[in-house]
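> my_file07.txt (compact mmCIF, C-alpha atoms) pasted underneath:
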```txt
# COMPACT_ATOMS: atom_id res chain seq x y z
CA MET A 1 1.37 39.14 -24.95
CA PRO A 2 4.39 38.08 -22.87
CA ASP A 3 7.91 38.43 -24.25
CA GLN A 4 6.69 40.43 -27.23
CA PHE A 5 9.80 42.63 -27.16
CA SER A 6 13.21 41.17 -27.86
CA ASN A 7 14.99 44.42 -27.01
CA MET A 8 14.33 47.56 -24.99
CA ARG A 9 16.05 50.84 -24.26
CA PHE A 10 15.36 52.86 -21.11
CA ILE A 11 16.02 56.59 -21.26
CA VAL A 12 16.34 57.91 -17.72
CA ASN A 13 15.97 61.45 -16.44
CA PRO A 14 18.34 61.45 -13.44
CA ARG A 15 16.65 64.60 -12.13
CA ALA A 16 13.12 63.16 -12.11
CA GLY A 17 11.02 64.34 -9.18
CA ASN A 18 10.36 60.96 -7.56
CA ARG A 19 12.96 58.26 -8.05
CA ARG A 20 11.40 55.81 -5.53
CA GLY A 21 14.79 54.20 -4.94
CA ASP A 22 17.32 53.19 -7.54
CA VAL A 23 15.14 52.68 -10.60
CA GLU A 24 18.06 51.54 -12.74
CA THR A 25 18.81 48.69 -10.34
CA THR A 26 15.13 47.78 -10.41
CA ILE A 27 15.13 47.58 -14.21
CA ARG A 28 18.12 45.23 -14.13
CA GLN A 29 16.51 43.04 -11.48
CA VAL A 30 13.23 42.72 -13.40
CA LEU A 31 14.68 42.12 -16.85
CA GLY A 32 17.80 40.17 -15.94
CA GLY A 33 17.33 36.55 -16.92
CA THR A 34 14.34 37.21 -19.19
CA GLY A 35 16.43 36.95 -22.36
CA ILE A 36 15.44 40.47 -23.37
CA VAL A 37 18.34 42.62 -24.54
CA PHE A 38 18.13 46.01 -22.86
CA ASP A 39 20.23 49.01 -22.01
CA ILE A 40 19.84 52.13 -19.88
CA ILE A 41 20.94 55.60 -20.93
CA ARG A 42 20.83 58.78 -18.84
CA THR A 43 19.97 62.16 -20.29
CA GLU A 44 22.47 64.97 -19.90
CA HIS A 45 20.47 68.06 -20.83
CA ARG A 46 17.03 69.26 -21.87
CA GLY A 47 16.11 67.87 -25.28
CA HIS A 48 18.65 65.05 -25.03
CA ALA A 49 15.92 62.43 -24.59
CA THR A 50 14.49 63.30 -28.02
CA GLU A 51 17.88 62.78 -29.63
CA LEU A 52 18.36 59.48 -27.79
CA ALA A 53 14.90 58.26 -28.80
CA ARG A 54 15.58 58.97 -32.48
CA LEU A 55 18.87 57.11 -32.26
CA ALA A 56 17.11 54.18 -30.61
CA ALA A 57 14.59 54.02 -33.46
CA ASP A 58 17.44 54.15 -35.98
CA ASP A 59 19.13 51.29 -34.08
CA GLY A 60 16.04 49.12 -34.49
CA ILE A 61 15.07 49.13 -30.80
CA GLU A 62 11.54 47.74 -30.45
CA LEU A 63 10.51 49.44 -27.18
CA VAL A 64 11.91 52.74 -25.90
CA VAL A 65 10.88 53.52 -22.32
CA ALA A 66 10.81 57.02 -20.84
CA VAL A 67 11.87 56.89 -17.19
CA GLY A 68 10.71 60.12 -15.58
CA GLY A 69 7.70 62.41 -15.54
CA ASP A 70 5.37 63.87 -18.14
CA GLY A 71 8.06 66.15 -19.52
CA MET A 72 10.33 63.15 -20.06
CA LEU A 73 7.51 61.24 -21.77
CA ASN A 74 7.05 64.24 -24.06
CA GLU A 75 10.74 64.38 -25.00
CA VAL A 76 11.05 60.66 -25.69
CA GLY A 77 7.71 60.45 -27.50
CA LYS A 78 8.63 63.38 -29.73
CA GLY A 79 11.63 61.41 -30.95
CA LEU A 80 9.49 58.41 -31.87
CA LEU A 81 6.74 60.15 -33.85
CA GLU A 82 6.35 58.70 -37.34
CA ARG A 83 8.49 55.72 -36.31
CA GLU A 84 7.57 52.07 -35.82
CA THR A 85 9.25 51.96 -32.39
CA ILE A 86 6.92 51.46 -29.42
CA LEU A 87 6.89 54.00 -26.56
CA GLY A 88 6.81 52.91 -22.92
CA LEU A 89 6.79 54.73 -19.59
CA LEU A 90 8.08 54.18 -16.06
CA PRO A 91 6.49 57.15 -14.25
CA CYS A 92 9.14 58.48 -11.85
CA GLY A 93 8.37 62.19 -12.02
CA SER A 94 6.52 64.48 -9.64
CA GLY A 95 2.87 64.61 -10.75
CA ASN A 96 2.93 61.71 -13.25
CA GLY A 97 -0.29 62.79 -14.93
CA PHE A 98 -0.06 60.44 -17.90
CA GLY A 99 0.97 57.42 -15.85
CA ARG A 100 -1.80 57.92 -13.31
CA SER A 101 -4.46 58.48 -15.96
CA GLN A 102 -3.47 55.30 -17.80
CA GLY A 103 -3.17 53.03 -14.78
CA ILE A 104 0.61 52.64 -14.95
CA SER A 105 1.95 51.76 -11.52
CA LEU A 106 4.05 54.38 -9.75
CA ASP A 107 6.11 51.54 -8.32
CA PRO A 108 9.03 51.06 -10.76
CA LYS A 109 9.21 47.30 -10.22
CA ARG A 110 5.52 46.80 -11.01
CA ALA A 111 5.61 49.24 -13.93
CA CYS A 112 8.67 47.52 -15.41
CA SER A 113 7.15 44.04 -14.95
CA ALA A 114 3.95 45.25 -16.62
CA LEU A 115 5.91 46.04 -19.80
CA LEU A 116 6.38 42.30 -20.28
CA GLN A 117 2.60 41.83 -20.48
CA ALA A 118 1.65 45.18 -22.01
CA ASP A 119 -0.89 45.85 -24.71
CA VAL A 120 0.41 47.91 -27.62
CA ARG A 121 -2.16 50.50 -28.63
CA PRO A 122 -2.15 53.66 -30.74
CA ILE A 123 -2.66 56.89 -28.83
CA ASP A 124 -3.31 60.47 -29.89
CA VAL A 125 -1.09 63.44 -29.21
CA GLY A 126 -2.05 67.08 -29.15
CA LYS A 127 -0.25 69.82 -31.02
CA ILE A 128 -0.16 73.45 -29.87
CA GLY A 129 1.82 75.86 -31.99
CA ASP A 130 5.22 74.25 -32.53
CA TYR A 131 4.87 71.79 -29.64
CA ILE A 132 3.29 68.41 -29.06
CA PHE A 133 1.73 67.26 -25.81
CA PHE A 134 0.69 63.90 -24.41
CA CYS A 135 -1.23 65.18 -21.36
CA THR A 136 -2.15 68.86 -21.29
CA ALA A 137 -1.20 72.26 -22.64
CA GLY A 138 -2.50 75.67 -21.69
CA THR A 139 -2.09 79.41 -21.44
CA GLY A 140 -3.67 80.39 -18.13
CA LEU A 141 -2.74 80.33 -14.47
CA GLU A 142 -1.15 76.91 -14.90
CA VAL A 143 1.79 78.43 -16.79
CA GLU A 144 2.96 80.42 -13.78
CA VAL A 145 2.19 77.52 -11.45
CA SER A 146 4.28 75.16 -13.59
CA ARG A 147 7.20 77.58 -13.67
CA ARG A 148 7.19 78.15 -9.92
CA TYR A 149 6.66 74.48 -9.12
CA ASN A 150 9.54 73.36 -11.32
CA GLU A 151 11.79 75.87 -9.56
CA MET A 152 11.06 74.34 -6.14
CA GLN A 153 14.05 72.56 -4.65
CA GLY A 154 14.57 69.27 -2.84
CA ASN A 155 11.61 67.41 -1.40
CA ARG A 156 9.16 70.30 -1.58
CA HIS A 157 7.20 68.67 -4.42
CA GLY A 158 3.89 67.03 -3.59
CA LEU A 159 0.13 67.58 -3.84
CA LEU A 160 -0.14 69.85 -0.80
CA ASN A 161 2.67 72.13 -1.94
CA TYR A 162 1.23 72.16 -5.46
CA ALA A 163 -2.19 73.19 -4.13
CA CYS A 164 -0.76 75.91 -1.88
CA LEU A 165 1.37 77.25 -4.71
CA THR A 166 -1.66 77.37 -7.03
CA LEU A 167 -3.72 79.38 -4.54
CA ASP A 168 -0.82 81.74 -3.87
CA THR A 169 -0.27 82.26 -7.61
CA TYR A 170 -3.99 82.90 -8.12
CA ARG A 171 -3.97 85.80 -5.64
CA ASN A 172 -1.63 87.81 -7.88
CA TYR A 173 -2.79 86.54 -11.26
CA THR A 174 -4.51 88.81 -13.79
CA PRO A 175 -6.29 86.90 -16.58
CA GLU A 176 -5.55 88.04 -20.11
CA PRO A 177 -8.24 88.41 -22.81
CA VAL A 178 -8.37 85.45 -25.18
CA ARG A 179 -10.33 84.77 -28.34
CA ILE A 180 -11.13 81.10 -28.97
CA THR A 181 -12.20 79.86 -32.38
CA LEU A 182 -13.57 76.33 -32.62
CA GLU A 183 -14.79 74.35 -35.58
CA GLU A 184 -17.81 73.14 -33.67
CA GLU A 185 -19.03 76.41 -32.03
CA SER A 186 -19.13 80.19 -32.29
CA ASP A 187 -16.07 82.19 -31.29
CA LEU A 188 -15.59 82.86 -27.59
CA GLN A 189 -14.05 86.02 -26.13
CA ILE A 190 -13.12 85.40 -22.52
CA ARG A 191 -10.67 86.16 -19.69
CA PRO A 192 -10.00 82.69 -18.25
CA ILE A 193 -7.88 81.98 -15.20
CA ILE A 194 -7.42 78.47 -16.60
CA LEU A 195 -7.42 77.54 -20.27
CA THR A 196 -6.30 73.95 -20.69
CA VAL A 197 -6.39 71.68 -23.71
CA ALA A 198 -6.29 68.08 -22.52
CA ASN A 199 -5.42 64.80 -24.20
CA THR A 200 -5.62 62.96 -20.87
CA ALA A 201 -7.65 63.64 -17.76
CA GLN A 202 -4.99 64.81 -15.33
CA TYR A 203 -2.39 67.44 -14.61
CA GLY A 204 -0.90 64.95 -12.14
CA TYR A 205 -1.29 64.09 -8.43
CA GLY A 206 -4.83 62.91 -9.20
CA ILE A 207 -5.90 66.45 -10.21
CA HIS A 208 -8.54 65.92 -12.90
CA ILE A 209 -8.71 68.98 -15.12
CA ALA A 210 -10.65 67.20 -17.88
CA PRO A 211 -12.19 64.02 -16.43
CA ALA A 212 -13.62 62.78 -19.75
CA ALA A 213 -10.38 63.18 -21.74
CA ARG A 214 -8.96 59.99 -23.29
CA PRO A 215 -5.76 59.69 -25.35
CA ASP A 216 -7.27 57.30 -27.87
CA ASP A 217 -10.62 58.89 -28.78
CA GLY A 218 -9.49 61.33 -31.51
CA TRP A 219 -10.62 64.39 -29.51
CA LEU A 220 -9.13 67.08 -27.30
CA ASP A 221 -11.00 68.32 -24.24
CA LEU A 222 -10.95 72.06 -23.60
CA CYS A 223 -11.39 73.23 -20.00
CA ILE A 224 -12.17 76.93 -19.55
CA VAL A 225 -12.36 78.34 -16.03
CA GLU A 226 -13.42 81.96 -15.62
CA ASP A 227 -12.67 83.61 -12.30
CA PRO A 228 -15.23 82.50 -9.67
CA GLY A 229 -13.62 84.54 -6.87
CA PHE A 230 -11.16 83.29 -4.26
CA LEU A 231 -13.65 81.78 -1.80
CA GLN A 232 -15.57 79.95 -4.53
CA LEU A 233 -12.30 78.70 -6.01
CA LEU A 234 -11.11 77.50 -2.61
CA TRP A 235 -14.42 75.76 -1.85
CA HIS A 236 -14.74 74.07 -5.22
CA SER A 237 -11.07 73.14 -5.64
CA ARG A 238 -11.92 69.73 -4.15
CA ARG A 239 -13.71 68.97 -7.41
CA LEU A 240 -10.35 68.69 -9.12
CA LEU A 241 -9.73 65.57 -7.04
CA THR A 242 -13.22 64.09 -7.40
CA GLY A 243 -13.51 64.50 -11.17
CA THR A 244 -16.42 66.94 -10.90
CA ILE A 245 -14.78 70.15 -12.06
CA ASP A 246 -17.65 70.66 -14.53
CA ARG A 247 -19.86 71.49 -11.51
CA MET A 248 -17.62 74.38 -10.47
CA PRO A 249 -18.99 77.90 -11.17
CA GLY A 250 -17.44 79.51 -14.23
CA VAL A 251 -16.32 76.24 -15.82
CA ARG A 252 -16.98 75.27 -19.43
CA MET A 253 -15.95 71.91 -20.89
CA LEU A 254 -15.80 71.55 -24.68
CA ARG A 255 -14.58 68.83 -27.03
CA THR A 256 -12.84 69.64 -30.27
CA HIS A 257 -10.56 68.37 -33.00
CA ARG A 258 -9.10 71.80 -33.63
CA VAL A 259 -9.11 75.17 -31.88
CA GLN A 260 -7.34 78.48 -32.35
CA ILE A 261 -6.32 80.47 -29.28
CA GLU A 262 -5.60 84.14 -29.93
CA ARG A 263 -3.91 86.31 -27.31
CA ASN A 264 -2.96 89.97 -27.47
CA ASN A 265 0.74 89.19 -27.28
CA PRO A 266 3.15 86.26 -27.40
CA GLY A 267 3.65 84.63 -24.01
CA PRO A 268 4.60 81.45 -22.22
CA LEU A 269 2.68 78.18 -22.42
CA GLN A 270 2.43 75.13 -20.21
CA VAL A 271 3.17 71.95 -22.18
CA ASP A 272 3.13 68.66 -20.24
CA GLY A 273 4.12 70.49 -17.08
CA ASP A 274 6.93 72.58 -18.56
CA GLU A 275 6.91 76.29 -19.36
CA VAL A 276 7.81 77.10 -22.97
CA PRO A 277 7.58 80.28 -25.11
CA GLY A 278 4.53 80.66 -27.32
CA LYS A 279 3.18 82.85 -30.11
CA ALA A 280 0.21 85.19 -29.75
CA VAL A 281 -1.92 83.06 -32.09
CA LEU A 282 -1.84 79.33 -31.37
CA ASP A 283 -3.28 76.65 -33.61
CA VAL A 284 -4.18 73.58 -31.57
CA CYS A 285 -5.22 70.20 -32.95
CA VAL A 286 -5.31 66.50 -32.17
CA VAL A 287 -3.12 64.08 -34.11
CA PRO A 288 -5.05 60.79 -33.93
CA ALA A 289 -3.16 57.53 -33.39
CA ALA A 290 0.13 59.40 -33.65
CA ILE A 291 2.25 56.85 -31.78
CA ARG A 292 2.02 53.29 -30.49
CA MET A 293 2.44 52.81 -26.77
CA ALA A 294 2.88 49.87 -24.39
CA LEU A 295 0.16 50.24 -21.77
CA PRO A 296 -1.15 48.00 -18.94
CA SER A 297 -3.28 45.20 -20.32
CA SER A 298 -5.94 45.90 -17.67
CA ILE A 299 -6.68 49.32 -19.19
CA LYS A 300 -9.03 49.00 -22.15
CA PRO A 301 -9.54 51.58 -24.91
```
Mind converting the file's structure to structure tokens?

Amino acid sequence: MPDQFSNMRFIVNPRAGNRRGDVETTIRQVLGGTGIVFDIIRTEHRGHATELARLAADDGIELVVAVGGDGMLNEVGKGLLERETILGLLPCGSGNGFGRSQGISLDPKRACSALLQADVRPIDVGKIGDYIFFCTAGTGLEVEVSRRYNEMQGNRHGLLNYACLTLDTYRNYTPEPVRITLEEESDLQIRPIILTVANTAQYGYGIHIAPAARPDDGWLDLCIVEDPGFLQLLWHSRRLLTGTIDRMPGVRMLRTHRVQIERNNPGPLQVDGDEVPGKAVLDVCVVPAAIRMALPSSIKP
């Protein structure tokens, strides 16, 4: 429905991995003359976007748009949970897993224009311990990869560097024992190199860790990868780009509403591409239809 929003607020991460030009100028060019009241606010520190999103909801803003990557979407979305305010996204981060999986253009002008014709739909979020996630969360190799990738400077981000970093991290990675308790199946005791809970299909860069995952189906997809050996991992890594990871040796795909992950000790987690501290025992669940989001009208539930 065109012109469904009378006001918007854009919360911009000025450190986002892929600005694709001056996104703030683009927003002004697209919305100027539409009659929509809008403003643009930059974040100043980690967690600031959540504060700004809550203030926007209190101010009666109809659509609050996260301008950045998956981490930025997480921060803004967290501030809008249990609010009537609609969440939007201009994906200007590095991997842009959520934007890619939901068909949101990576071109800021197209993505901003699409907000004027967007469908508003409820989407699920995942919860792991004390954190929420829109895309993925996990406890395996991806934690170290996320930490090292986020520490990379300048223009070193990109799919090739991400892939090389993952293989390099794998060489020195020792899987930890994990006990998984699901409602739907017997307990599993494993040593996974990857243990990802997915609300959407991608990590980012078109890397499909859970190809069947959808953010509006009321389920979480659990991807378990036990060590297939370096050569097998190298050969089958292409399946992450073709959406056929379930054909890789040592891979198990499960669907669940709730799962408990028990580790020997507390340790870091990956949550929407960021490393965060985590407890030894993690309760994970889906929160169905937790937030309403403006998404491209061409993408159907």
> I'd like to know which of A:Cys112, A:Val65, A:Ala49, A:Leu167 is closest to A:Leu231, using all atoms listed in the file.
A:Leu167
> If we count all atoms listed in the file and set the cut-off at 12 Å, which residues sit around A:Leu165, ignoring sequence neighbours fewer than 2 positions away in its own chain? Please answer as a PyMOL selection string.
chain A and resi 141-142+144-152+156-163+167-172
> For those residues, write C-alpha atoms to a file as a CSV table (one decimal), keeping the file's coordinate frame.

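Dumped to part03.csv:
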```csv
chain,number,residue,atom,x,y,z
A,141,LEU,CA,-2.7,80.3,-14.5
A,142,GLU,CA,-1.2,76.9,-14.9
A,144,GLU,CA,3.0,80.4,-13.8
A,145,VAL,CA,2.2,77.5,-11.4
A,146,SER,CA,4.3,75.2,-13.6
A,147,ARG,CA,7.2,77.6,-13.7
A,148,ARG,CA,7.2,78.2,-9.9
A,149,TYR,CA,6.7,74.5,-9.1
A,150,ASN,CA,9.5,73.4,-11.3
A,151,GLU,CA,11.8,75.9,-9.6
A,152,MET,CA,11.1,74.3,-6.1
A,156,ARG,CA,9.2,70.3,-1.6
A,157,HIS,CA,7.2,68.7,-4.4
A,158,GLY,CA,3.9,67.0,-3.6
A,159,LEU,CA,0.1,67.6,-3.8
A,160,LEU,CA,-0.1,69.8,-0.8
A,161,ASN,CA,2.7,72.1,-1.9
A,162,TYR,CA,1.2,72.2,-5.5
A,163,ALA,CA,-2.2,73.2,-4.1
A,167,LEU,CA,-3.7,79.4,-4.5
A,168,ASP,CA,-0.8,81.7,-3.9
A,169,THR,CA,-0.3,82.3,-7.6
A,170,TYR,CA,-4.0,82.9,-8.1
A,171,ARG,CA,-4.0,85.8,-5.6
A,172,ASN,CA,-1.6,87.8,-7.9
```
> Take atom CA of A:Ala57 and atom CA of A:Leu269 and report the distance between them in Å, one decimal.
29.1 Å
> Check which residues of stretch 80-155 of chain A sit at most 7 Å from stretch 177-199 of chain A using all atoms listed in the file, and return one row each with the closest pair of atoms and their distance in Å to one decimal, ordered by chain and rising number, as CSV.

```
residue,atom,partner,partner_atom,distance
A:Val125,CA,A:Asn199,CA,6.8
A:Gly126,CA,A:Asn199,CA,6.4
A:Phe134,CA,A:Asn199,CA,6.2
A:Cys135,CA,A:Asn199,CA,5.1
A:Thr136,CA,A:Ala198,CA,4.4
A:Ala137,CA,A:Val197,CA,5.3
A:Gly138,CA,A:Thr196,CA,4.3
A:Thr139,CA,A:Leu195,CA,5.8
A:Gly140,CA,A:Ile194,CA,4.5
A:Leu141,CA,A:Ile193,CA,5.4
A:Glu142,CA,A:Ile194,CA,6.7
```
> Take the selection from the previous step and output its residues with C-alpha atoms, as a CSV table (one decimal), keeping the file's coordinate frame.

```csv
chain,number,residue,atom,x,y,z
A,125,VAL,CA,-1.1,63.4,-29.2
A,126,GLY,CA,-2.0,67.1,-29.2
A,134,PHE,CA,0.7,63.9,-24.4
A,135,CYS,CA,-1.2,65.2,-21.4
A,136,THR,CA,-2.2,68.9,-21.3
A,137,ALA,CA,-1.2,72.3,-22.6
A,138,GLY,CA,-2.5,75.7,-21.7
A,139,THR,CA,-2.1,79.4,-21.4
A,140,GLY,CA,-3.7,80.4,-18.1
A,141,LEU,CA,-2.7,80.3,-14.5
A,142,GLU,CA,-1.2,76.9,-14.9
```
> Of the candidates A:Arg239, A:Arg252, A:Arg292, A:Lys109, which one gets nearest to A:Asp124 if we count all atoms listed in the file?
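Of the candidates, the smallest distance to A:Asp124 is held by A:Arg292.
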> Using atom CA of A:Gly60 and atom CA of A:Ala290 as the two end points, give the distance in Å to one decimal.
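That distance, rounded to one decimal, is 19.0 Å.
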